[in-house]
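Below is upload12.pdb, holding PDB, C-alpha atoms.
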ATOM      1  CA  MET A  71     -35.673  76.649-159.857
ATOM      2  CA  GLN A  72     -33.031  78.446-161.873
ATOM      3  CA  TYR A  73     -35.679  79.900-164.211
ATOM      4  CA  ARG A  74     -37.678  81.248-161.294
ATOM      5  CA  ALA A  75     -34.590  82.677-159.593
ATOM      6  CA  GLU A  76     -33.487  84.483-162.754
ATOM      7  CA  SER A  77     -36.861  85.623-164.090
ATOM      8  CA  LYS A  78     -38.790  86.013-160.818
ATOM      9  CA  LYS A  79     -41.708  84.199-162.545
ATOM     10  CA  LEU A  80     -43.081  80.670-162.439
ATOM     11  CA  ASP A  81     -42.295  78.408-165.397
ATOM     12  CA  SER A  82     -45.742  77.717-166.861
ATOM     13  CA  GLU A  83     -44.527  75.654-169.832
ATOM     14  CA  ARG A  84     -43.221  72.579-167.984
ATOM     15  CA  VAL A  85     -45.034  70.148-165.745
ATOM     16  CA  LEU A  86     -43.563  67.794-163.161
ATOM     17  CA  LEU A  87     -45.424  64.476-163.098
ATOM     18  CA  TYR A  88     -45.474  62.041-160.198
ATOM     19  CA  PRO A  89     -46.517  58.403-160.746
ATOM     20  CA  ALA A  90     -49.740  57.348-159.084
ATOM     21  CA  SER A  91     -49.143  55.303-155.954
ATOM     22  CA  GLN A  92     -51.474  52.490-157.023
ATOM     23  CA  PHE A  93     -49.177  51.479-159.899
ATOM     24  CA  VAL A  94     -46.323  49.141-159.063
ATOM     25  CA  THR A  95     -43.828  48.464-161.816
ATOM     26  CA  GLN A  96     -41.001  45.988-162.051
ATOM     27  CA  PRO A  97     -37.647  47.123-163.406
ATOM     28  CA  GLN A  98     -37.002  45.826-166.905
ATOM     29  CA  PHE A  99     -33.717  44.618-168.369
ATOM     30  CA  ILE A 100     -33.098  45.780-171.934
ATOM     31  CA  ALA A 101     -30.130  44.271-173.765
ATOM     32  CA  LEU A 102     -28.412  46.705-176.101
ATOM     33  CA  ASN A 103     -25.944  44.271-177.674
ATOM     34  CA  ARG A 104     -24.894  40.589-177.782
ATOM     35  CA  ASP A 105     -23.164  40.802-174.406
ATOM     36  CA  GLY A 106     -26.365  42.230-172.966
ATOM     37  CA  ASP A 107     -28.298  39.311-174.470
ATOM     38  CA  ARG A 108     -25.901  36.896-172.775
ATOM     39  CA  LEU A 109     -26.272  38.709-169.461
ATOM     40  CA  GLY A 110     -30.055  38.604-169.800
ATOM     41  CA  GLU A 111     -29.937  34.857-170.340
ATOM     42  CA  LEU A 112     -27.696  34.442-167.303
ATOM     43  CA  ILE A 113     -29.859  36.443-164.922
ATOM     44  CA  THR A 114     -33.040  34.702-166.024
ATOM     45  CA  ARG A 115     -31.774  31.119-166.231
ATOM     46  CA  ASP A 116     -28.887  30.681-163.781
ATOM     47  CA  PRO A 117     -30.349  29.214-160.547
ATOM     48  CA  GLU A 118     -27.683  30.777-158.305
ATOM     49  CA  LEU A 119     -28.209  34.256-159.726
ATOM     50  CA  ARG A 120     -31.996  33.888-159.550
ATOM     51  CA  GLN A 121     -31.759  32.856-155.918
ATOM     52  CA  ARG A 122     -29.526  35.835-155.129
ATOM     53  CA  ARG A 123     -32.092  38.214-156.521
ATOM     54  CA  GLY A 124     -34.872  36.439-154.628
ATOM     55  CA  GLN A 125     -36.660  34.882-157.583
ATOM     56  CA  ALA A 126     -35.659  31.232-157.590
ATOM     57  CA  ARG A 127     -38.619  30.115-159.732
ATOM     58  CA  GLN A 128     -37.989  28.759-163.243
ATOM     59  CA  PRO A 129     -39.139  30.753-166.324
TER      60      PRO A 129
END

Conversion result in structure tokens:
Amino acid sequence: MQYRAESKKLDSERVLLYPASQFVTQPQFIALNRDGDRLGELITRDPELRQRRGQARQP
């Protein structure tokens, strides 16, 4: 928007992409260090935490 306001032209070099509505993705947890690894283990194995996030099934 700033480019167009300043130049009075459309920006033809960039494209805005929208995901297709038929694709449903699940958020992913990516551990970046040892503490993150521990947190990942907790949220996947602790029954109370799994129940809180609505996924009480065992891995």

Straight-line distance linking CA of Leu119 in chain A with CA of Thr95 in chain A, stated in Å to one decimal
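Answer for the CA of Leu119 in chain A to CA of Thr95 in chain A separation: 21.2 Å.
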
Excluding range 96-104 of chain A and its own-chain neighbours fewer than 6 positions away, which residues fall within 12 Å of it when counting all atoms listed in the file? Please give them as a short mmCIF file (atom, residue, chain, number, x, y, z; two decimals) with C-alpha atoms, in the coordinates of the input.
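And here's part_38.cif as it stands now:
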data_model
loop_
_atom_site.label_atom_id
_atom_site.label_comp_id
_atom_site.auth_asym_id
_atom_site.auth_seq_id
_atom_site.Cartn_x
_atom_site.Cartn_y
_atom_site.Cartn_z
CA GLY A 110 -30.06 38.60 -169.80
CA GLU A 111 -29.94 34.86 -170.34
CA LEU A 112 -27.70 34.44 -167.30
CA ILE A 113 -29.86 36.44 -164.92
CA THR A 114 -33.04 34.70 -166.02
#

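CA of Glu76 in chain A to CA of Pro89 in chain A spans 29.2 Å [interatomic distance, one decimal].
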
Quick one, how far is CA of Gln121 in chain A from CA of Leu109 in chain A?
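We find that CA of Gln121 in chain A and CA of Leu109 in chain A lie 15.7 Å from each other.
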
Show me, as a list in words, the residues that have an atom within 10 Å of Asp81 in chain A when counting all atoms listed in the file, minus same-chain residues fewer than 4 positions from it.
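Answer for this query is Met71, Gln72, Tyr73, Arg74, Ser77 and Val85 of chain A.
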